[in-house]
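Printed here is protein_3.tsv (TSV, C-alpha atoms):
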```tsv
chain	number	residue	atom	x	y	z
A	1	MET	CA	42.47	-44.02	57.19
A	2	SER	CA	44.42	-46.42	54.97
A	3	ARG	CA	47.07	-45.30	52.56
A	4	ARG	CA	46.79	-46.18	48.91
A	5	THR	CA	49.91	-47.70	47.42
A	6	LEU	CA	50.79	-46.75	43.88
A	7	LYS	CA	51.28	-49.86	41.81
A	8	PRO	CA	51.93	-50.24	38.07
A	9	PRO	CA	49.05	-51.65	36.00
A	10	SER	CA	49.06	-55.44	35.80
A	11	TRP	CA	49.32	-55.29	32.01
A	12	LEU	CA	52.48	-53.17	32.10
A	13	PRO	CA	55.53	-55.46	31.66
A	14	ILE	CA	57.66	-53.89	34.39
A	15	ASP	CA	60.34	-56.34	35.44
A	16	PRO	CA	63.53	-55.75	37.44
A	17	TYR	CA	65.58	-57.40	34.71
A	18	ILE	CA	64.13	-55.05	32.08
A	19	LEU	CA	65.08	-52.13	34.27
A	20	ALA	CA	68.57	-53.61	34.61
A	21	LEU	CA	68.88	-53.85	30.82
A	22	ILE	CA	67.77	-50.24	30.37
A	23	GLY	CA	70.14	-49.15	33.10
A	24	THR	CA	72.99	-51.00	31.40
A	25	VAL	CA	72.31	-49.23	28.11
A	26	VAL	CA	72.17	-45.85	29.87
A	27	LEU	CA	75.40	-46.62	31.70
A	28	ALA	CA	77.14	-47.52	28.44
A	29	ALA	CA	75.85	-44.31	26.85
A	30	LEU	CA	77.09	-42.15	29.72
A	31	LEU	CA	80.23	-44.09	30.62
A	32	PRO	CA	81.27	-46.22	27.64
A	33	ALA	CA	84.28	-48.45	28.12
A	34	SER	CA	87.20	-47.37	25.99
A	35	GLY	CA	90.89	-48.12	25.71
A	36	THR	CA	92.10	-50.45	28.46
A	37	ALA	CA	88.66	-50.50	30.08
A	38	ALA	CA	87.13	-51.76	26.82
A	39	GLU	CA	89.70	-54.55	26.66
A	40	VAL	CA	88.92	-55.54	30.24
A	41	ALA	CA	85.17	-55.45	29.59
A	42	GLY	CA	85.58	-57.51	26.42
A	43	GLY	CA	87.67	-60.09	28.24
A	44	ALA	CA	85.17	-60.25	31.09
A	45	SER	CA	82.31	-60.71	28.60
A	46	THR	CA	84.16	-63.57	26.92
A	47	GLY	CA	84.84	-65.16	30.29
A	48	ALA	CA	81.21	-64.80	31.37
A	49	VAL	CA	79.99	-66.61	28.25
A	50	ALA	CA	82.54	-69.39	28.77
A	51	LEU	CA	81.44	-69.74	32.41
A	52	LEU	CA	77.82	-69.90	31.29
A	53	PHE	CA	78.55	-72.84	29.00
A	54	PHE	CA	80.66	-74.56	31.62
A	55	LEU	CA	77.78	-74.42	34.08
A	56	TYR	CA	75.30	-75.68	31.49
A	57	GLY	CA	77.61	-78.54	30.65
A	58	ALA	CA	77.94	-79.41	34.33
A	59	ARG	CA	74.18	-79.29	34.90
A	60	LEU	CA	72.99	-81.20	31.84
A	61	SER	CA	73.34	-84.96	31.75
A	62	THR	CA	75.12	-86.47	28.76
A	63	ALA	CA	71.87	-88.20	27.77
A	64	GLU	CA	70.09	-84.84	27.66
A	65	ALA	CA	72.85	-83.31	25.54
A	66	LEU	CA	72.76	-86.19	23.05
A	67	GLU	CA	68.97	-85.95	22.92
A	68	GLY	CA	69.27	-82.28	21.99
A	69	LEU	CA	71.80	-83.13	19.29
A	70	LYS	CA	69.42	-85.65	17.72
A	71	HIS	CA	66.64	-83.09	17.38
A	72	TRP	CA	67.43	-82.40	13.71
A	73	ARG	CA	63.95	-81.09	12.80
A	74	LEU	CA	64.27	-78.36	15.41
A	75	HIS	CA	67.77	-77.38	14.25
A	76	LEU	CA	66.67	-77.30	10.62
A	77	THR	CA	63.70	-75.11	11.54
A	78	VAL	CA	65.97	-72.62	13.32
A	79	LEU	CA	68.39	-72.54	10.38
A	80	VAL	CA	65.54	-71.88	7.92
A	81	CYS	CA	64.24	-69.04	10.10
A	82	THR	CA	67.72	-67.55	10.44
A	83	PHE	CA	69.05	-67.84	6.89
A	84	VAL	CA	65.87	-67.96	4.76
A	85	ALA	CA	62.93	-66.21	6.44
A	86	PHE	CA	65.01	-63.36	7.88
A	87	PRO	CA	66.82	-62.57	4.58
A	88	LEU	CA	63.51	-62.57	2.66
A	89	LEU	CA	62.08	-60.01	5.08
A	90	GLY	CA	65.30	-58.01	4.79
A	91	LEU	CA	64.97	-57.90	1.01
A	92	ALA	CA	61.38	-56.70	1.40
A	93	GLY	CA	62.83	-53.74	3.31
A	94	GLU	CA	64.16	-52.34	0.03
A	95	GLY	CA	60.68	-50.92	-0.47
A	96	LEU	CA	61.37	-48.51	2.41
A	97	VAL	CA	64.08	-46.67	0.43
A	98	PRO	CA	64.35	-43.70	0.13
A	99	TYR	CA	61.25	-42.39	1.89
A	100	VAL	CA	61.62	-44.26	5.18
A	101	LEU	CA	65.23	-45.45	5.26
A	102	THR	CA	68.39	-44.28	3.55
A	103	PRO	CA	70.14	-46.81	1.29
A	104	GLN	CA	72.89	-47.21	3.92
A	105	LEU	CA	70.41	-47.97	6.73
A	106	GLN	CA	68.50	-50.41	4.55
A	107	GLU	CA	71.79	-52.11	3.72
A	108	GLY	CA	72.47	-52.43	7.43
A	109	LEU	CA	68.93	-53.74	8.00
A	110	LEU	CA	69.51	-56.41	5.37
A	111	PHE	CA	72.88	-57.28	6.88
A	112	LEU	CA	71.35	-57.91	10.32
A	113	CYS	CA	68.94	-60.35	8.64
A	114	LEU	CA	71.95	-62.37	7.40
A	115	VAL	CA	73.72	-62.64	10.76
A	116	PRO	CA	73.55	-65.98	12.63
A	117	SER	CA	71.47	-66.46	15.74
A	118	THR	CA	72.82	-65.42	19.10
A	119	ILE	CA	73.77	-68.21	21.46
A	120	GLN	CA	74.13	-67.22	25.09
A	121	SER	CA	71.01	-65.07	25.41
A	122	SER	CA	68.87	-67.54	23.45
A	123	ILE	CA	69.90	-70.30	25.83
A	124	ALA	CA	69.44	-68.06	28.87
A	125	PHE	CA	65.91	-67.06	27.83
A	126	THR	CA	65.05	-70.66	26.93
A	127	SER	CA	66.18	-71.70	30.40
A	128	ILE	CA	64.18	-68.94	32.10
A	129	ALA	CA	61.06	-69.91	30.12
A	130	ARG	CA	61.58	-73.62	30.95
A	131	GLY	CA	62.14	-74.63	27.35
A	132	ASN	CA	64.36	-77.26	25.75
A	133	VAL	CA	67.81	-76.00	26.82
A	134	PRO	CA	69.88	-78.87	25.28
A	135	ALA	CA	68.24	-78.31	21.90
A	136	ALA	CA	68.72	-74.54	22.22
A	137	ILE	CA	72.44	-75.05	22.88
A	138	CYS	CA	72.83	-77.20	19.77
A	139	ALA	CA	70.60	-74.99	17.59
A	140	GLY	CA	72.46	-71.82	18.55
A	141	SER	CA	75.85	-73.45	18.05
A	142	PHE	CA	74.87	-74.87	14.65
A	143	SER	CA	73.60	-71.46	13.57
A	144	SER	CA	76.83	-69.73	14.61
A	145	ILE	CA	79.04	-72.25	12.83
A	146	ALA	CA	76.88	-72.14	9.69
A	147	GLY	CA	76.89	-68.34	9.82
A	148	ILE	CA	80.67	-68.22	9.51
A	149	LEU	CA	80.22	-69.41	5.94
A	150	LEU	CA	76.65	-68.44	5.06
A	151	THR	CA	76.62	-64.83	6.31
A	152	PRO	CA	79.55	-63.62	4.14
A	153	LEU	CA	78.26	-65.58	1.14
A	154	LEU	CA	74.72	-64.20	1.48
A	155	ALA	CA	76.07	-60.69	2.05
A	156	ALA	CA	78.21	-60.92	-1.09
A	157	LEU	CA	75.19	-62.19	-3.05
A	158	LEU	CA	72.50	-59.84	-1.73
A	159	ILE	CA	74.48	-56.75	-0.73
A	160	GLY	CA	77.61	-56.95	-2.84
A	161	GLY	CA	80.97	-55.56	-1.83
A	162	SER	CA	84.08	-57.46	-1.00
A	163	GLY	CA	82.47	-60.21	1.02
A	164	GLY	CA	84.32	-62.39	3.48
A	165	GLY	CA	85.23	-66.00	3.35
A	166	PHE	CA	85.41	-68.83	5.85
A	167	SER	CA	87.38	-67.81	8.92
A	168	ALA	CA	89.33	-70.51	10.72
A	169	ASP	CA	90.01	-68.03	13.54
A	170	ALA	CA	86.28	-67.41	14.02
A	171	LEU	CA	85.59	-71.15	14.10
A	172	LEU	CA	88.40	-71.64	16.62
A	173	LYS	CA	86.93	-68.89	18.79
A	174	ILE	CA	83.53	-70.60	18.81
A	175	VAL	CA	85.12	-73.91	19.74
A	176	LEU	CA	87.25	-72.42	22.52
A	177	GLN	CA	84.58	-70.14	23.97
A	178	LEU	CA	81.56	-72.43	23.73
A	179	LEU	CA	82.34	-76.07	23.03
A	180	VAL	CA	85.42	-76.53	25.21
A	181	PRO	CA	83.80	-75.08	28.40
A	182	PHE	CA	80.67	-77.12	27.77
A	183	LEU	CA	82.67	-80.34	27.40
A	184	ALA	CA	84.71	-79.46	30.49
A	185	GLY	CA	81.47	-79.07	32.43
A	186	GLN	CA	80.32	-82.45	31.14
A	187	LEU	CA	83.55	-84.09	32.30
A	188	LEU	CA	83.31	-82.54	35.77
A	189	ARG	CA	79.56	-83.07	36.14
A	190	ARG	CA	79.92	-86.20	38.27
A	191	TRP	CA	81.70	-84.12	40.93
A	192	ILE	CA	79.92	-80.75	40.77
A	193	GLY	CA	76.56	-81.56	39.13
A	194	GLY	CA	74.83	-82.23	42.43
A	195	PHE	CA	76.08	-78.99	43.98
A	196	LEU	CA	74.87	-76.94	41.01
A	197	GLY	CA	71.54	-78.76	41.04
A	198	ARG	CA	71.02	-77.64	44.64
A	199	HIS	CA	71.97	-74.06	43.76
A	200	ARG	CA	70.04	-73.43	40.55
A	201	LYS	CA	69.75	-69.73	41.36
A	202	VAL	CA	73.47	-69.41	40.65
A	203	LEU	CA	72.76	-70.27	37.01
A	204	GLY	CA	70.03	-67.65	36.92
A	205	PHE	CA	72.43	-64.94	38.06
A	206	VAL	CA	75.03	-66.07	35.50
A	207	ASP	CA	72.39	-66.07	32.73
A	208	ARG	CA	71.30	-62.54	33.45
A	209	GLY	CA	74.70	-61.20	34.36
A	210	SER	CA	76.36	-62.47	31.20
A	211	ILE	CA	73.72	-60.79	29.03
A	212	LEU	CA	74.09	-57.49	30.87
A	213	LEU	CA	77.85	-57.60	30.43
A	214	VAL	CA	77.56	-58.38	26.70
A	215	VAL	CA	75.06	-55.52	26.27
A	216	TYR	CA	77.35	-53.05	28.03
A	217	THR	CA	80.43	-54.11	26.07
A	218	ALA	CA	78.69	-53.99	22.67
A	219	PHE	CA	76.90	-50.70	23.34
A	220	SER	CA	80.13	-49.12	24.55
A	221	GLU	CA	81.82	-50.07	21.27
A	222	GLY	CA	79.09	-48.28	19.34
A	223	MET	CA	79.31	-45.18	21.51
A	224	VAL	CA	83.09	-44.98	21.15
A	225	ALA	CA	82.76	-45.40	17.36
A	226	GLY	CA	80.32	-42.48	17.29
A	227	ILE	CA	77.73	-44.21	15.13
A	228	TRP	CA	74.84	-42.52	16.92
A	229	HIS	CA	75.77	-39.14	15.39
A	230	GLN	CA	75.54	-40.31	11.78
A	231	VAL	CA	71.74	-40.49	11.43
A	232	THR	CA	68.95	-37.97	12.04
A	233	PRO	CA	66.39	-38.56	14.83
A	234	ALA	CA	63.62	-39.04	12.23
A	235	ARG	CA	65.57	-41.73	10.36
A	236	LEU	CA	66.47	-43.38	13.65
A	237	GLY	CA	62.81	-43.51	14.66
A	238	ALA	CA	61.85	-44.99	11.29
A	239	LEU	CA	64.57	-47.61	11.64
A	240	LEU	CA	63.34	-48.56	15.12
A	241	ALA	CA	59.78	-48.91	13.80
A	242	ALA	CA	60.92	-51.13	10.91
A	243	GLU	CA	62.91	-53.32	13.29
A	244	ALA	CA	59.99	-53.59	15.71
A	245	VAL	CA	57.85	-54.92	12.85
A	246	LEU	CA	60.64	-57.32	11.80
A	247	LEU	CA	61.02	-58.69	15.33
A	248	ALA	CA	57.25	-59.04	15.79
A	249	LEU	CA	56.94	-60.97	12.52
A	250	MET	CA	59.76	-63.37	13.42
A	251	LEU	CA	58.51	-63.95	16.97
A	252	THR	CA	55.07	-64.73	15.58
A	253	LEU	CA	56.43	-66.95	12.79
A	254	THR	CA	58.69	-68.97	15.07
A	255	TRP	CA	56.05	-69.52	17.75
A	256	TYR	CA	52.99	-70.34	15.65
A	257	GLY	CA	54.97	-71.86	12.78
A	258	ALA	CA	56.60	-74.30	15.21
A	259	LYS	CA	53.14	-75.20	16.51
A	260	ARG	CA	51.95	-75.96	12.98
A	261	LEU	CA	54.98	-78.18	12.50
A	262	GLY	CA	53.99	-80.26	15.53
A	263	PHE	CA	56.62	-79.18	18.07
A	264	ASP	CA	55.72	-79.28	21.77
A	265	ARG	CA	55.88	-76.33	24.15
A	266	ARG	CA	59.52	-76.78	25.21
A	267	ASP	CA	60.70	-77.07	21.60
A	268	ARG	CA	58.60	-74.10	20.51
A	269	ILE	CA	60.29	-71.98	23.17
A	270	ALA	CA	63.74	-73.01	21.94
A	271	ILE	CA	62.75	-72.33	18.33
A	272	GLN	CA	61.26	-68.93	19.14
A	273	PHE	CA	64.30	-67.65	21.02
A	274	ALA	CA	66.94	-69.19	18.74
A	275	GLY	CA	65.11	-68.47	15.48
A	276	SER	CA	64.09	-64.86	16.09
A	277	LYS	CA	67.34	-63.39	17.42
A	278	LYS	CA	70.55	-62.10	15.88
A	279	SER	CA	74.09	-62.16	17.25
A	280	LEU	CA	75.79	-58.83	17.75
A	281	ALA	CA	79.00	-60.61	18.79
A	282	ALA	CA	79.14	-62.43	15.46
A	283	GLY	CA	77.84	-59.51	13.37
A	284	LEU	CA	80.33	-56.87	14.49
A	285	PRO	CA	83.53	-58.62	13.31
A	286	MET	CA	81.83	-59.80	10.12
A	287	ALA	CA	80.72	-56.24	9.33
A	288	SER	CA	84.26	-54.95	9.73
A	289	VAL	CA	85.34	-57.35	6.97
A	290	LEU	CA	82.33	-56.88	4.70
A	291	PHE	CA	81.96	-53.09	4.95
A	292	GLY	CA	85.42	-51.84	5.89
A	293	ALA	CA	85.38	-48.13	6.77
A	294	HIS	CA	81.55	-48.03	6.56
A	295	ALA	CA	81.07	-50.80	9.12
A	296	SER	CA	80.05	-48.45	11.96
A	297	LEU	CA	76.91	-47.29	10.15
A	298	ALA	CA	76.20	-50.76	8.78
A	299	VAL	CA	76.00	-52.28	12.26
A	300	LEU	CA	73.71	-49.57	13.65
A	301	PRO	CA	70.54	-51.53	12.74
A	302	LEU	CA	72.07	-54.68	14.25
A	303	MET	CA	72.93	-52.88	17.50
A	304	LEU	CA	69.44	-51.44	17.85
A	305	PHE	CA	67.82	-54.78	17.00
A	306	HIS	CA	70.07	-56.52	19.50
A	307	GLN	CA	68.93	-54.27	22.36
A	308	MET	CA	65.29	-54.56	21.27
A	309	GLN	CA	65.34	-58.36	21.06
A	310	LEU	CA	66.89	-58.69	24.52
A	311	MET	CA	64.27	-56.50	26.15
A	312	VAL	CA	61.31	-58.03	24.33
A	313	CYS	CA	62.51	-61.61	24.81
A	314	ALA	CA	63.17	-60.96	28.51
A	315	VAL	CA	59.49	-60.10	28.93
A	316	ILE	CA	58.38	-63.14	26.91
A	317	ALA	CA	60.69	-65.51	28.81
A	318	LYS	CA	59.45	-64.22	32.15
A	319	ARG	CA	55.84	-64.71	31.15
A	320	ARG	CA	56.49	-68.17	29.69
A	321	SER	CA	58.13	-69.18	32.99
A	322	ARG	CA	54.75	-68.71	34.68
A	323	ASP	CA	52.87	-70.91	32.21
A	324	PRO	CA	51.42	-74.07	33.80
A	325	LEU	CA	53.22	-77.26	32.79
A	326	PRO	CA	51.69	-80.68	32.13
A	327	LYS	CA	51.86	-82.89	35.21
A	328	ASP	CA	54.22	-85.40	33.60
A	329	ARG	CA	56.55	-82.61	32.51
A	330	ALA	CA	56.54	-81.02	35.97
A	331	VAL	CA	57.42	-84.37	37.54
A	332	SER	CA	60.22	-84.85	34.99
A	333	GLU	CA	61.71	-81.41	35.69
A	334	GLU	CA	61.59	-82.07	39.43
A	335	ALA	CA	63.46	-85.35	38.89
A	336	VAL	CA	66.16	-83.59	36.83
A	337	THR	CA	66.53	-80.93	39.54
A	338	VAL	CA	66.91	-83.52	42.32
A	339	GLY	CA	69.26	-85.66	40.24
```

Show me the file's structure as C-alpha cells.
Amino acid sequence: MSRRTLKPPSWLPIDPYILALIGTVVLAALLPASGTAAEVAGGASTGAVALLFFLYGARLSTAEALEGLKHWRLHLTVLVCTFVAFPLLGLAGEGLVPYVLTPQLQEGLLFLCLVPSTIQSSIAFTSIARGNVPAAICAGSFSSIAGILLTPLLAALLIGGSGGGFSADALLKIVLQLLVPFLAGQLLRRWIGGFLGRHRKVLGFVDRGSILLVVYTAFSEGMVAGIWHQVTPARLGALLAAEAVLLALMLTLTWYGAKRLGFDRRDRIAIQFAGSKKSLAAGLPMASVLFGAHASLAVLPLMLFHQMQLMVCAVIAKRRSRDPLPKDRAVSEEAVTVG
C-alpha cells in the first residue's frame, strides 16, 4: 500500500524565498532591532547593498554597462511610470476619503506614489527573471537621483507642508553606496570576473540576502516607532486592499505598456520591476523632513507597499525565470556566463 504525499496545489505560489520574506517580517515584528542592534543592522544593510553593486560591476562587462546607459527610451519610460503614472493614481485615491481611508492614510498613500523607484531589489528581481540587468541598474539609479529633487517638489505641490529641497548628503550617499562600489567592481573585473562567472550562485545568495536584510531593518524601524498601533484593523485592511489594487495596476501598466511601446522581453522585465516599485530606503528619510512629527504614520502605507511589492515581485521573477528564451538569446547568455 503506497503512501500519499501531501503536496501544495500547482497553482499556489509557494516558494522558499517567499517563506523567507514572511519569516523575516515575523522576526522583525517579534524581535525588532533597536538601539545598538538597529545601528548594526542598518550598517549591515548598507554594506550588503554596496557588496551587491560591487559584484554586479565585477560581473558586467563595460560594454554591457554602456549599452544599458544608452537605453534612454527605457529610462524615460521608468521615470514616467514613477513620477507621472504613480502620482496620478495617488491623486485618484482622494476619492477613498473618508469612507475607506482617513485623510492621514490617504496622504501617506499619495506620498508613497511620489517616492523614487527602489534599486537593489529591482535589479535583483530583474536578474532572477533574466531581464536586462545593466538597464535596470541605470534606470533605478536615475530614478533615485531624480527623486532627490522631484519627490520633495511633488510632495510640496500635491500634499503641501514644509517640503524638502535638494540634499547634497543624499546624493553623496547614493554615489558612495551604489556608484563607487559598481565602478570598483568594473575596475577589478579583469581579475575577479572569471571567478564570479563560474560561481553565479554567489550572486543569487547576495541578491536574496540583501533584500531580506533590508526588509528586516526597515520593518524593525516601524515596529520600534510604534506605527502599527495608530490605525484600526478595519482601516489597515482597507489600506492593504487599496495598495493591492495600486500595485496590480502598475504591474499591468508596466508590462503591457512596455510591450505596446515595442520593448523586448528583457527590457519589459526591467521596466516592470523598476517602474512598479517604491523605495522604502529613500522614502523614510524624505518623510522625516516632509512630515516631521507625523512621519511615522505617513510612511505606514509605504512600509506596507514595500513588503507587498517584494513578495509579489518575488513570485513574478521566479515565474519569469522559467520562461523559455529565444535560441539566439540563450546562446548569448551562455556566452556571457562563460566569458

Kindly provide the residues of range 226-272 of chain A that approach range 112-127 of chain A to within 10 Å, each paired with its closest atom pair and their distance in Å to one decimal, based on all atoms listed in the file, listed by chain and increasing number, as a tab-separated table.
```
residue	atom	partner	partner_atom	distance
A:Leu246	CA	A:Cys113	CA	9.4
A:Arg266	CA	A:Thr126	CA	8.4
A:Asp267	CA	A:Thr126	CA	9.4
A:Arg268	CA	A:Thr126	CA	9.7
A:Ile269	CA	A:Thr126	CA	6.2
A:Ala270	CA	A:Thr126	CA	5.7
A:Ile271	CA	A:Thr126	CA	9.1
A:Gln272	CA	A:Thr126	CA	8.8
```

Shell around Leu253 in chain A at 9 Å using all atoms listed in the file, local window under 5 positions removed, as a PDB file with C-alpha atoms, keeping the file's coordinate frame:
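Output (part_17.pdb):
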```pdb
ATOM      1  CA  CYS A  81      64.240 -69.040  10.100  1.00  0.00           C
ATOM      2  CA  ALA A 248      57.250 -59.040  15.790  1.00  0.00           C
ATOM      3  CA  ALA A 258      56.600 -74.300  15.210  1.00  0.00           C
ATOM      4  CA  GLN A 272      61.260 -68.930  19.140  1.00  0.00           C
ATOM      5  CA  SER A 276      64.090 -64.860  16.090  1.00  0.00           C
TER       6      SER A 276
END
```

Work out how far CA of Val245 in chain A is from CA of Leu19 in chain A, in Å to one decimal. 22.8 Å

Using all atoms listed in the file, determine which residues lie at most 7 Å from range 213-225 of chain A, disregarding the query and same-chain residues fewer than 4 positions distant; provide the list as a PyMOL selection string. chain A and resi 24-25+28-29+32-34+41-42+45+209+296

One decimal, in Å: what's the spacing between CA of Ser279 in chain A and CA of Ala136 in chain A?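 One can read the CA of Ser279 in chain A to CA of Ala136 in chain A distance as 14.4 Å.
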
Atom pair CA of Leu212 in chain A / CA of Val315 in chain A: separation (Å): 15.0 Å

Return the single residue from A:Ala234, A:Leu310, A:Ala184, A:Leu249 that is closest to Ala58 in chain A, with distances computed using only C-alpha atoms.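 Among A:Ala234, A:Leu310, A:Ala184, A:Leu249, it is A:Ala184 that comes nearest to Ala58 in chain A.
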
When you look at Asp323 in chain A with a cut-off of 12 Å (counting only C-alpha atoms), what residues show up, excluding the ones that are within fewer than 3 positions of it in the same chain? I need them as a PyMOL selection string. chain A and resi 128-131+265-266+269+316-320+326+330

Near-Gly108 in chain A list (7 Å; all atoms listed in the file; drop same-chain fewer than 5 positions) as a VMD selection string: chain A and resid 298 to 301

Between A:Arg208, A:Ser144, A:Leu55, A:Leu302, which has the minimum distance to Ala20 in chain A (counting only C-alpha atoms)? A:Arg208
